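Pasted below: my_file13.tsv, TSV, C-alpha atoms.
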chain	number	residue	atom	x	y	z
A	1098	MET	CA	-10.79	10.44	6.22
A	1099	VAL	CA	-10.06	7.28	4.29
A	1100	LEU	CA	-13.44	5.75	5.16
A	1101	ASN	CA	-15.26	8.75	3.74
A	1102	LYS	CA	-13.22	8.33	0.59
A	1103	VAL	CA	-14.29	4.68	0.39
A	1104	LEU	CA	-17.94	5.65	0.68
A	1105	GLU	CA	-17.57	8.41	-1.90
A	1106	LEU	CA	-15.91	6.04	-4.35
A	1107	PHE	CA	-18.50	3.32	-3.95
A	1108	CYS	CA	-21.76	5.22	-3.84
A	1109	VAL	CA	-21.25	9.00	-3.86
A	1110	LYS	CA	-19.77	11.50	-6.34
A	1111	LYS	CA	-16.05	12.09	-5.72
A	1112	LYS	CA	-14.35	15.33	-4.83
A	1113	ASP	CA	-11.19	16.80	-6.37
A	1114	SER	CA	-7.90	16.45	-4.50
A	1115	LYS	CA	-4.25	17.40	-4.92
A	1116	LYS	CA	-2.24	16.01	-7.82
A	1117	LYS	CA	1.19	16.34	-6.19
A	1118	VAL	CA	2.36	16.31	-2.59
A	1119	ALA	CA	5.59	16.55	-0.67
A	1120	ALA	CA	5.74	12.91	0.37
A	1121	PRO	CA	4.57	11.48	2.81
A	1122	HIS	CA	2.74	12.06	6.11
A	1123	PRO	CA	0.47	10.22	8.62
A	1124	THR	CA	-2.92	8.92	7.56
A	1125	ALA	CA	-6.26	8.92	9.34
A	1126	ASN	CA	-8.00	6.23	11.36
A	1127	VAL	CA	-10.69	4.24	9.54
A	1128	SER	CA	-13.54	1.89	10.37
A	1129	THR	CA	-14.05	-1.43	8.63
A	1130	ASN	CA	-16.72	-3.39	6.83
A	1131	ASN	CA	-15.54	-6.98	6.90
A	1132	SER	CA	-18.12	-8.17	4.37
A	1133	LEU	CA	-15.71	-6.93	1.70
A	1134	LEU	CA	-12.87	-9.17	2.85
A	1135	ASP	CA	-11.77	-12.69	1.98
A	1136	PRO	CA	-9.53	-14.30	4.57
A	1137	PHE	CA	-10.19	-17.92	3.74
A	1138	SER	CA	-9.84	-18.21	-0.03
A	1139	SER	CA	-6.81	-20.33	-0.87
A	1140	GLY	CA	-4.11	-20.34	-3.51
A	1141	ASN	CA	-2.87	-17.65	-5.81
A	1142	GLY	CA	-4.16	-19.00	-9.12
A	1143	THR	CA	-2.10	-20.04	-12.10
A	1144	VAL	CA	-0.26	-17.26	-13.88
A	1145	LEU	CA	0.81	-17.99	-17.43
A	1146	LEU	CA	4.28	-16.69	-18.20
A	1147	VAL	CA	4.69	-15.59	-21.81
A	1148	GLN	CA	6.98	-13.34	-23.77
A	1149	LYS	CA	6.55	-9.58	-23.57
A	1150	HIS	CA	3.75	-8.35	-25.78
A	1151	GLU	CA	2.78	-4.71	-26.02
A	1152	PRO	CA	-0.97	-4.03	-25.94
A	1153	GLU	CA	-2.66	-2.96	-29.14
A	1154	CYS	CA	-2.91	0.84	-29.36
A	1155	SER	CA	-0.33	1.26	-26.56
A	1156	SER	CA	1.83	3.39	-28.84
A	1157	VAL	CA	-1.02	5.88	-29.08
A	1158	VAL	CA	-1.11	6.28	-25.32
A	1159	SER	CA	2.68	6.18	-25.10
A	1160	SER	CA	3.00	9.19	-27.38
A	1161	MET	CA	0.66	11.15	-25.11
A	1162	THR	CA	2.08	10.32	-21.70
A	1163	ARG	CA	5.00	12.71	-21.50
A	1164	THR	CA	2.86	15.64	-22.62
A	1165	GLU	CA	-0.17	14.91	-20.47
A	1166	TYR	CA	1.39	13.45	-17.32
A	1167	GLY	CA	5.03	14.57	-17.47
A	1168	SER	CA	8.04	12.41	-16.71
A	1169	GLU	CA	8.91	10.67	-13.49
A	1170	SER	CA	10.26	12.83	-10.69
A	1171	ASP	CA	13.44	11.35	-9.23
A	1172	GLY	CA	13.86	14.19	-6.76
A	1173	TYR	CA	13.99	13.36	-3.07
A	1174	ASN	CA	12.00	16.43	-2.05
A	1175	LEU	CA	8.92	15.81	-4.19
A	1176	PHE	CA	7.36	12.53	-5.18
A	1177	ASN	CA	4.39	12.78	-7.51
A	1178	GLN	CA	1.39	10.81	-6.37
A	1179	PHE	CA	0.78	9.67	-9.93
A	1180	ASP	CA	3.36	9.43	-12.67
A	1181	VAL	CA	4.23	7.50	-15.82
A	1182	VAL	CA	7.51	5.56	-16.05
A	1183	GLN	CA	9.12	3.16	-18.49
A	1184	ASP	CA	10.96	0.22	-16.95
A	1185	PHE	CA	8.52	-2.48	-15.84
A	1186	SER	CA	11.04	-5.32	-15.68
A	1187	ASP	CA	10.52	-6.09	-11.97
A	1188	HIS	CA	6.72	-5.92	-12.13
A	1189	TYR	CA	5.02	-9.14	-10.97
A	1190	TYR	CA	2.93	-9.31	-14.15
A	1191	ALA	CA	5.68	-8.19	-16.55
A	1192	LYS	CA	5.68	-11.53	-18.38
A	1193	ASN	CA	1.91	-11.73	-18.68
A	1194	SER	CA	0.66	-10.71	-22.10
A	1195	PRO	CA	-2.17	-8.17	-22.07
A	1196	GLY	CA	-3.75	-10.18	-24.88
A	1197	LYS	CA	-5.86	-8.75	-27.68
A	1198	THR	CA	-7.11	-5.32	-26.69
A	1199	SER	CA	-9.24	-2.59	-28.25
A	1200	LYS	CA	-9.50	1.18	-28.47
A	1201	ASP	CA	-12.27	1.08	-25.86
A	1202	TRP	CA	-9.90	-0.79	-23.53
A	1203	VAL	CA	-7.24	1.87	-24.05
A	1204	LYS	CA	-9.78	4.64	-23.42
A	1205	THR	CA	-10.92	2.96	-20.21
A	1206	ILE	CA	-7.35	2.81	-18.89
A	1207	GLN	CA	-6.75	6.43	-19.88
A	1208	ASN	CA	-9.79	7.35	-17.79
A	1209	GLU	CA	-8.40	5.32	-14.89
A	1210	TRP	CA	-5.13	7.25	-15.14
A	1211	LYS	CA	-6.98	10.57	-15.07
A	1212	LEU	CA	-9.01	9.50	-12.05
A	1213	LEU	CA	-5.90	8.40	-10.19
A	1214	GLN	CA	-4.10	11.63	-11.01
A	1215	LYS	CA	-7.05	13.69	-9.76
A	1216	ASP	CA	-8.42	11.78	-6.78
A	1217	LEU	CA	-5.68	9.72	-5.12
A	1218	PRO	CA	-5.64	10.15	-1.32
A	1219	GLU	CA	-2.43	11.78	-0.10
A	1220	SER	CA	-1.11	8.49	1.30
A	1221	ILE	CA	-1.36	6.39	-1.87
A	1222	TYR	CA	1.16	6.62	-4.71
A	1223	VAL	CA	0.90	5.09	-8.18
A	1224	ARG	CA	3.20	4.52	-11.14
A	1225	ALA	CA	1.86	3.61	-14.58
A	1226	TYR	CA	4.02	2.27	-17.40
A	1227	GLU	CA	4.38	4.04	-20.72
A	1228	ASP	CA	5.00	0.88	-22.76
A	1229	ARG	CA	2.70	-1.41	-20.78
A	1230	ILE	CA	-0.45	0.49	-20.01
A	1231	ASP	CA	-2.02	-2.70	-18.65
A	1232	LEU	CA	0.29	-2.47	-15.60
A	1233	LEU	CA	0.39	-0.28	-12.48
A	1234	ARG	CA	2.30	-0.28	-9.22
A	1235	ALA	CA	0.95	1.29	-6.04
A	1236	ALA	CA	2.40	2.15	-2.63
A	1237	ILE	CA	-0.01	2.48	0.29
A	1238	VAL	CA	0.94	4.10	3.60
A	1239	GLY	CA	-0.37	2.16	6.60
A	1240	PRO	CA	-3.08	4.17	8.44
A	1241	ALA	CA	-2.44	5.72	11.84
A	1242	GLY	CA	-4.02	3.95	14.79
A	1243	THR	CA	-3.49	0.50	13.25
A	1244	PRO	CA	-0.69	-2.07	13.60
A	1245	TYR	CA	0.34	-1.03	10.08
A	1246	HIS	CA	0.97	2.63	10.89
A	1247	ASP	CA	3.87	4.29	9.07
A	1248	GLY	CA	4.56	1.23	6.94
A	1249	LEU	CA	4.72	1.18	3.13
A	1250	PHE	CA	2.87	-1.61	1.35
A	1251	PHE	CA	3.36	-2.28	-2.35
A	1252	PHE	CA	0.94	-3.76	-4.87
A	1253	ASP	CA	1.31	-4.66	-8.54
A	1254	VAL	CA	-1.78	-4.36	-10.73
A	1255	ARG	CA	-2.69	-5.73	-14.16
A	1256	PHE	CA	-5.67	-4.78	-16.30
A	1257	PRO	CA	-6.77	-7.89	-18.24
A	1258	SER	CA	-7.88	-7.59	-21.86
A	1259	GLU	CA	-11.52	-7.97	-20.80
A	1260	TYR	CA	-11.28	-5.03	-18.37
A	1261	PRO	CA	-13.56	-3.47	-17.09
A	1262	GLN	CA	-15.96	-6.40	-17.60
A	1263	SER	CA	-13.75	-8.23	-15.12
A	1264	PRO	CA	-11.74	-6.70	-12.24
A	1265	PRO	CA	-8.00	-5.99	-12.26
A	1266	LYS	CA	-5.51	-8.54	-10.98
A	1267	VAL	CA	-3.65	-7.40	-7.86
A	1268	HIS	CA	-0.50	-8.87	-6.32
A	1269	TYR	CA	0.83	-7.85	-2.89
A	1270	HIS	CA	4.61	-7.64	-2.31
A	1271	SER	CA	4.53	-9.75	0.84
A	1272	GLY	CA	8.20	-10.59	1.27
A	1273	GLY	CA	6.89	-14.02	2.30
A	1274	LEU	CA	5.04	-12.58	5.32
A	1275	ARG	CA	1.35	-12.92	6.26
A	1276	LEU	CA	0.65	-9.73	8.21
A	1277	ASN	CA	-3.08	-9.59	7.50
A	1278	PRO	CA	-5.82	-12.21	6.99
A	1279	ASN	CA	-6.48	-10.76	3.54
A	1280	LEU	CA	-2.88	-10.45	2.32
A	1281	TYR	CA	-1.35	-13.85	1.68
A	1282	GLU	CA	2.31	-14.84	1.66
A	1283	SER	CA	1.80	-15.76	-1.99
A	1284	GLY	CA	0.77	-12.16	-2.76
A	1285	LYS	CA	-2.92	-12.92	-3.16
A	1286	VAL	CA	-5.21	-10.05	-2.14
A	1287	CYS	CA	-8.60	-11.14	-0.86
A	1288	LEU	CA	-11.27	-8.53	-1.46
A	1289	SER	CA	-14.83	-8.81	-2.75
A	1290	LEU	CA	-14.22	-5.86	-5.07
A	1291	LEU	CA	-11.66	-8.07	-6.84
A	1292	ASN	CA	-14.18	-10.96	-6.96
A	1293	THR	CA	-11.94	-12.99	-4.66
A	1294	TRP	CA	-14.57	-13.02	-1.93
A	1295	TRP	CA	-18.35	-12.88	-1.68
A	1296	GLY	CA	-20.19	-9.59	-1.50
A	1297	THR	CA	-23.37	-7.84	-2.61
A	1298	GLY	CA	-24.24	-4.66	-4.50
A	1299	CYS	CA	-21.42	-2.14	-4.75
A	1300	GLU	CA	-19.17	-4.43	-2.68
A	1301	LYS	CA	-18.64	-6.51	-5.84
A	1302	TRP	CA	-16.90	-5.41	-9.01
A	1303	GLY	CA	-19.16	-3.58	-11.45
A	1304	LYS	CA	-18.00	-2.90	-14.99
A	1305	SER	CA	-19.75	0.47	-15.20
A	1306	LYS	CA	-18.99	1.85	-11.73
A	1307	SER	CA	-15.90	0.18	-10.21
A	1308	THR	CA	-12.37	1.54	-10.58
A	1309	ILE	CA	-8.82	0.70	-9.55
A	1310	LEU	CA	-8.97	3.75	-7.28
A	1311	GLN	CA	-11.76	2.05	-5.32
A	1312	VAL	CA	-9.59	-1.04	-5.01
A	1313	LEU	CA	-6.59	0.85	-3.62
A	1314	VAL	CA	-8.62	2.91	-1.15
A	1315	SER	CA	-10.46	-0.24	-0.01
A	1316	ILE	CA	-7.18	-2.02	0.70
A	1317	GLN	CA	-5.98	0.90	2.79
A	1318	GLY	CA	-9.23	1.54	4.63
A	1319	LEU	CA	-10.81	-1.91	4.93
A	1320	VAL	CA	-7.92	-4.37	4.92
A	1321	LEU	CA	-5.21	-2.41	6.78
A	1322	ASN	CA	-7.56	-1.57	9.64
A	1323	ASP	CA	-7.17	-1.23	13.40
A	1324	LYS	CA	-8.49	-4.71	14.26
A	1325	PRO	CA	-7.54	-7.05	11.40
A	1326	TYR	CA	-8.16	-10.13	13.58
A	1327	PHE	CA	-11.87	-9.64	12.95
A	1328	ASN	CA	-11.36	-9.71	9.18
A	1329	GLU	CA	-11.55	-13.47	9.63
A	1330	PRO	CA	-15.23	-14.48	9.28
A	1331	GLY	CA	-14.78	-17.03	12.03
A	1332	ASN	CA	-13.70	-14.29	14.43
A	1333	LYS	CA	-16.33	-11.67	13.65
A	1334	ASN	CA	-18.81	-12.93	16.23
A	1335	SER	CA	-16.26	-12.52	19.02
A	1336	ALA	CA	-15.90	-8.77	18.42
A	1337	ASN	CA	-16.65	-6.66	21.51
A	1338	THR	CA	-16.22	-9.67	23.79
A	1339	ALA	CA	-13.40	-10.04	26.32
A	1340	PRO	CA	-11.89	-13.15	24.66
A	1341	GLY	CA	-12.21	-11.65	21.18
A	1342	GLU	CA	-10.56	-8.38	22.13
A	1343	LYS	CA	-7.76	-10.28	23.86
A	1344	TYR	CA	-7.03	-12.29	20.72
A	1345	SER	CA	-7.30	-9.12	18.66
A	1346	LEU	CA	-4.62	-7.40	20.75
A	1347	ALA	CA	-2.34	-10.41	20.34
A	1348	TYR	CA	-2.93	-10.43	16.59
A	1349	ASN	CA	-2.06	-6.73	16.38
A	1350	GLN	CA	1.22	-7.42	18.15
A	1351	THR	CA	2.13	-10.05	15.58
A	1352	ALA	CA	0.97	-7.81	12.73
A	1353	PHE	CA	3.21	-4.98	13.96
A	1354	LEU	CA	6.22	-7.27	14.18
A	1355	LEU	CA	5.61	-8.35	10.60
A	1356	SER	CA	5.08	-4.73	9.57
A	1357	CYS	CA	8.51	-3.88	11.03
A	1358	ARG	CA	10.02	-6.72	9.01
A	1359	THR	CA	8.23	-5.39	5.92
A	1360	MET	CA	9.76	-1.96	6.57
A	1361	MET	CA	13.22	-3.53	6.63
A	1362	TYR	CA	12.46	-5.44	3.45
A	1363	SER	CA	11.42	-2.21	1.69
A	1364	LEU	CA	14.43	-0.27	2.99
A	1365	ARG	CA	16.85	-2.91	1.80
A	1366	LYS	CA	15.20	-3.55	-1.56
A	1367	PRO	CA	12.79	-0.76	-2.54
A	1368	PRO	CA	10.62	-1.49	-5.59
A	1369	LYS	CA	11.75	0.15	-8.81
A	1370	HIS	CA	10.56	3.75	-9.28
A	1371	PHE	CA	9.71	4.03	-5.57
A	1372	GLU	CA	13.25	4.33	-4.23
A	1373	SER	CA	12.91	8.05	-3.46
A	1374	LEU	CA	9.54	7.57	-1.78
A	1375	VAL	CA	10.95	4.84	0.46
A	1376	ALA	CA	13.99	6.95	1.36
A	1377	ARG	CA	12.05	10.09	2.22
A	1378	HIS	CA	9.12	8.37	3.91
A	1379	PHE	CA	11.30	6.46	6.36
A	1380	HIS	CA	13.56	9.46	6.88
A	1381	GLU	CA	10.57	11.54	7.94
A	1382	ARG	CA	8.90	8.80	9.98
A	1383	GLU	CA	12.02	7.34	11.60
A	1384	ARG	CA	11.52	8.99	14.98
A	1385	VAL	CA	7.81	8.15	15.15
A	1386	ILE	CA	8.42	4.51	14.25
A	1387	LEU	CA	11.18	4.04	16.81
A	1388	ASP	CA	9.21	5.86	19.51
A	1389	ALA	CA	6.30	3.52	18.83
A	1390	CYS	CA	8.58	0.50	19.19
A	1391	ASP	CA	9.85	1.78	22.53
A	1392	ALA	CA	6.30	2.46	23.71
A	1393	TYR	CA	5.09	-1.01	22.75
A	1394	ILE	CA	8.07	-2.61	24.48
A	1395	SER	CA	7.06	-0.64	27.59
A	1396	GLY	CA	3.52	-2.02	27.42
A	1397	ALA	CA	1.58	0.41	25.24
A	1398	VAL	CA	-1.18	-1.07	23.13
A	1399	VAL	CA	-0.10	-1.52	19.50
A	1400	GLY	CA	-1.49	1.31	17.38
A	1401	SER	CA	-1.87	3.73	20.28
A	1402	SER	CA	1.42	5.59	19.78
A	1403	SER	CA	1.41	6.17	16.03
A	1404	ALA	CA	1.42	9.96	16.46
A	1405	LYS	CA	3.69	12.19	18.50
A	1406	GLY	CA	2.24	13.13	21.86
A	1407	THR	CA	-0.29	10.29	21.97
A	1408	LYS	CA	-1.05	9.08	25.46
A	1409	HIS	CA	-0.10	5.42	25.69
A	1410	PRO	CA	-2.77	3.17	27.22
A	1411	ARG	CA	-1.11	0.32	29.07
A	1412	ASN	CA	-1.33	-3.26	27.90
A	1413	ASN	CA	-2.37	-5.40	30.86
A	1414	ASN	CA	-2.05	-8.66	28.95
A	1415	ARG	CA	0.75	-10.53	30.70
A	1416	SER	CA	1.20	-12.86	27.74
A	1417	PHE	CA	2.98	-10.17	25.72
A	1418	ALA	CA	6.43	-11.23	27.02
A	1419	ASP	CA	7.24	-13.05	23.77
A	1420	PHE	CA	6.09	-10.04	21.77
A	1421	LYS	CA	8.34	-7.77	23.82
A	1422	LYS	CA	11.34	-10.02	23.27
A	1423	SER	CA	10.73	-10.22	19.51
A	1424	LEU	CA	10.12	-6.50	19.18
A	1425	GLU	CA	13.35	-5.70	21.02
A	1426	LYS	CA	15.15	-7.84	18.45
A	1427	TYR	CA	13.47	-6.41	15.36
A	1428	SER	CA	13.45	-2.81	16.56
A	1429	GLU	CA	17.21	-2.94	16.95
A	1430	LEU	CA	17.60	-4.25	13.40
A	1431	LEU	CA	15.12	-1.67	12.14
A	1432	ARG	CA	16.97	1.09	13.99
A	1433	LYS	CA	20.14	0.21	12.08
A	1434	ASP	CA	18.35	0.14	8.72
A	1435	LEU	CA	16.67	3.48	9.44
A	1436	ALA	CA	20.02	5.01	10.43
A	1437	ALA	CA	21.57	3.78	7.18
A	1438	ASN	CA	18.63	5.21	5.26
A	1439	ARG	CA	19.03	8.55	7.02
A	1440	THR	CA	22.69	8.74	6.06
A	1441	HIS	CA	21.88	7.76	2.48
A	1442	PHE	CA	19.00	10.23	2.22
A	1443	LEU	CA	20.94	13.18	3.63
A	1444	LYS	CA	23.85	12.49	1.31
A	1445	LEU	CA	21.54	12.48	-1.70
A	1446	THR	CA	19.74	15.65	-0.67
A	1447	ARG	CA	23.02	17.47	-0.03
A	1448	ASP	CA	23.81	16.82	-3.69
A	1449	SER	CA	20.53	18.52	-4.64
A	1450	PRO	CA	20.28	22.20	-3.55
A	1451	ALA	CA	16.57	22.25	-4.40
A	1452	ALA	CA	15.94	19.41	-1.99
A	1453	ALA	CA	18.05	20.76	0.83
A	1454	ASP	CA	15.51	23.31	1.96
A	1455	GLU	CA	12.83	20.64	2.14
A	1456	ILE	CA	14.63	18.21	4.44
A	1457	VAL	CA	12.98	17.42	7.73
A	1458	GLU	CA	15.82	16.51	10.09
A	1459	CYS	CA	15.26	13.53	12.36
A	1460	THR	CA	16.51	13.66	15.93
A	1461	SER	CA	18.55	10.56	16.62
A	1462	SER	CA	17.66	8.44	19.58
Structure re-expressed in structure tokens:
Amino acid sequence: MVLNKVLELFCVKKKDSKKKVAAPHPTANVSTNNSLLDPFSSGNGTVLLVQKHEPECSSVVSSMTRTEYGSESDGYNLFNQFDVVQDFSDHYYAKNSPGKTSKDWVKTIQNEWKLLQKDLPESIYVRAYEDRIDLLRAAIVGPAGTPYHDGLFFFDVRFPSEYPQSPPKVHYHSGGLRLNPNLYESGKVCLSLLNTWWGTGCEKWGKSKSTILQVLVSIQGLVLNDKPYFNEPGNKNSANTAPGEKYSLAYNQTAFLLSCRTMMYSLRKPPKHFESLVARHFHERERVILDACDAYISGAVVGSSSAKGTKHPRNNNRSFADFKKSLEKYSELLRKDLAANRTHFLKLTRDSPAAADEIVECTSS
């Protein structure tokens, strides 16, 4: 489970996991610890835009990447969880200089790469950049049982020159949407591990024990949780009360609508180097996503139908009429985008005999 992974990464020795997977599949439910989250911090900070500058010693790492990590897989039947690519032109921090770096800095990032390659959960995917080792891009699959189920959420990462004394910088590809108290429209990610919110002990960034892997797993397990309404400190005290749970259900409805819009955004403009992941993920999850939309329109509680065969508890909140109307609108648009993706994906895989045997056909509605 993702929560167990969070605990292992923070305080317990980690276990080995797969390096490659046939992408992607559902994720597990998780619990939350809201002390790690920052819903109220404002602004996105000032980012200085400068000309491209390659980090010192980057050529040393660059010469090793193809041998040690291999080249990017563009196949539609297998998407490596971790890989090294070249073009970083659309990265949020592409114009930020890494500054003056050292051999120790390079070694630290090499160790981060090795950790990611070895221990990434099966629902998180990362691309590093051969010529800009200070940059990463990650895709996180929304956990089952949450309003974010089956979505893909993208984050750009930058290791500053003082890393690991200070935490990495992380930018969320929001598409201008605020679907979580901790993920701002501006792209700001609020998490104590990033020192953007208060915390104590291993909740805060520690130069000798914290890693980017912890950050990614924390976003998936602690931010994209089943009741994000209670991520807001002002709402925590209303948890397990009738009014609080009512507001939480309403928040989940809004979060799912925004998640559907994020799916459409990703389908129409997938981030560079993740095109094949987007195509295959939504091809495989098309039926589950659309079934969930139909169930929610019929009154199921958001998050309850994220797996085939799940019994749908009924939503007795009569105020969900607006949600139903909006979801009918967006699910129809999403249905069209998913159908276009299916056609595109099947055409591409037909051109690749190796991929043909791996295709999981979706039954159209």
Within-8 Å shell of (6.7, 1.7, 10.0) in input frame, only C-alpha atoms, as a ChimeraX atom specification = /A:1239,1245-1249,1356-1357,1360,1379,1382-1383,1386
Region 1270-1355 of chain A near region 1205-1215 of chain A within 9 Å: what's each residue's closest atom pair and its distance in Å to one decimal, counting all atoms listed in the file, ordered by chain then ascending residue number, as CSV?
residue,atom,partner,partner_atom,distance
A:Thr1308,CA,A:Glu1209,CA,7.0
A:Ile1309,CA,A:Glu1209,CA,7.1
A:Leu1310,CA,A:Leu1213,CA,6.3
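Distance annotation: of A:Ser1283, A:Asn1438, A:Ser1373, A:Ser1401, the residue with the minimal separation from Leu1346 (chain A) is A:Ser1401; atom set is all atoms listed in the file.
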note = Closest of A:Ile1230, A:Ala1241, A:Val1385, A:Val1375 to Asn1322 (chain A), counting only C-alpha atoms, is A:Ala1241
Contact check, region 1306-1387 of chain A to region 1262-1273 of chain A, at most 12 Å, counting all atoms listed in the file, closest pairs as a tab-separated table:
residue	atom	partner	partner_atom	distance
A:Lys1306	CA	A:Gln1262	CA	10.6
A:Ser1307	CA	A:Pro1264	CA	8.3
A:Thr1308	CA	A:Pro1264	CA	8.4
A:Ile1309	CA	A:Pro1265	CA	7.3
A:Leu1310	CA	A:Pro1265	CA	11.0
A:Gln1311	CA	A:Pro1264	CA	11.2
A:Val1312	CA	A:Pro1265	CA	8.9
A:Leu1313	CA	A:Val1267	CA	9.7
A:Ile1316	CA	A:Tyr1269	CA	10.5
A:Leu1355	CA	A:Ser1271	CA	9.9
A:Ser1356	CA	A:Ser1271	CA	10.1
A:Cys1357	CA	A:Gly1272	CA	11.8
A:Arg1358	CA	A:Gly1272	CA	8.8
A:Thr1359	CA	A:Gly1272	CA	7.0
A:Met1360	CA	A:Gly1272	CA	10.2
A:Met1361	CA	A:Gly1272	CA	10.2
A:Tyr1362	CA	A:Gly1272	CA	7.0
A:Ser1363	CA	A:Gly1272	CA	9.0
A:Arg1365	CA	A:Gly1272	CA	11.6
A:Lys1366	CA	A:Gly1272	CA	10.3
A:Pro1367	CA	A:His1270	CA	10.7
A:Pro1368	CA	A:His1270	CA	9.2
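Between CA of Val1314 (chain A) and CA of Pro1240 (chain A) lies a distance of 11.1 Å.
The two atoms in question, CA of Thr1440 (chain A) and CA of Phe1185 (chain A), are spaced 28.4 Å apart.
Closest approach to Gln1178 (chain A) from the set A:Asn1279, A:Ser1428, A:Ser1220, A:Thr1198 is made by A:Ser1220, with distances taken over only C-alpha atoms.
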key: For CA of Lys1192 (chain A) and CA of Asp1231 (chain A), the interatomic separation in Å (one decimal)   = 11.7 Å
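Of the listed residues (A:Val1203, A:Leu1443, A:Leu1374, A:Val1238), A:Leu1374 comes nearest to Arg1224 (chain A); the distances count only C-alpha atoms.
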Give me region 1220-1225 of chain A with all heavy atoms filled in, as a CSV table (one decimal), keeping the file's coordinate frame.
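For reference, selection_31.csv as written:
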chain,number,residue,atom,x,y,z
A,1220,SER,N,-2.0,9.6,0.8
A,1220,SER,CA,-1.1,8.5,1.3
A,1220,SER,C,-1.1,7.3,0.4
A,1220,SER,O,-0.8,6.2,0.8
A,1220,SER,CB,-1.6,8.1,2.7
A,1220,SER,OG,-3.0,7.8,2.7
A,1221,ILE,N,-1.5,7.5,-0.9
A,1221,ILE,CA,-1.4,6.4,-1.9
A,1221,ILE,C,-0.6,7.0,-3.1
A,1221,ILE,O,-1.0,8.0,-3.6
A,1221,ILE,CB,-2.7,5.9,-2.3
A,1221,ILE,CG1,-3.5,5.2,-1.1
A,1221,ILE,CG2,-2.6,4.8,-3.4
A,1221,ILE,CD1,-4.9,4.7,-1.4
A,1222,TYR,N,0.3,6.2,-3.6
A,1222,TYR,CA,1.2,6.6,-4.7
A,1222,TYR,C,1.1,5.6,-5.8
A,1222,TYR,O,1.2,4.4,-5.5
A,1222,TYR,CB,2.6,6.8,-4.2
A,1222,TYR,CG,2.7,7.8,-3.1
A,1222,TYR,CD1,2.5,7.4,-1.8
A,1222,TYR,CD2,2.9,9.2,-3.3
A,1222,TYR,CE1,2.6,8.3,-0.7
A,1222,TYR,CE2,3.0,10.1,-2.3
A,1222,TYR,CZ,2.8,9.7,-1.0
A,1222,TYR,OH,2.8,10.5,0.0
A,1223,VAL,N,1.1,6.0,-7.1
A,1223,VAL,CA,0.9,5.1,-8.2
A,1223,VAL,C,1.9,5.4,-9.3
A,1223,VAL,O,2.1,6.6,-9.6
A,1223,VAL,CB,-0.6,5.1,-8.7
A,1223,VAL,CG1,-0.7,4.3,-10.0
A,1223,VAL,CG2,-1.5,4.6,-7.7
A,1224,ARG,N,2.4,4.4,-9.9
A,1224,ARG,CA,3.2,4.5,-11.1
A,1224,ARG,C,2.6,3.7,-12.2
A,1224,ARG,O,2.3,2.5,-12.0
A,1224,ARG,CB,4.7,4.1,-10.9
A,1224,ARG,CG,5.4,5.1,-10.0
A,1224,ARG,CD,5.6,6.4,-10.7
A,1224,ARG,NE,6.2,7.4,-9.8
A,1224,ARG,CZ,5.6,8.3,-9.1
A,1224,ARG,NH1,4.2,8.3,-9.0
A,1224,ARG,NH2,6.2,9.2,-8.4
A,1225,ALA,N,2.3,4.3,-13.4
A,1225,ALA,CA,1.9,3.6,-14.6
A,1225,ALA,C,3.1,3.4,-15.5
A,1225,ALA,O,4.1,4.1,-15.3
A,1225,ALA,CB,0.8,4.4,-15.3
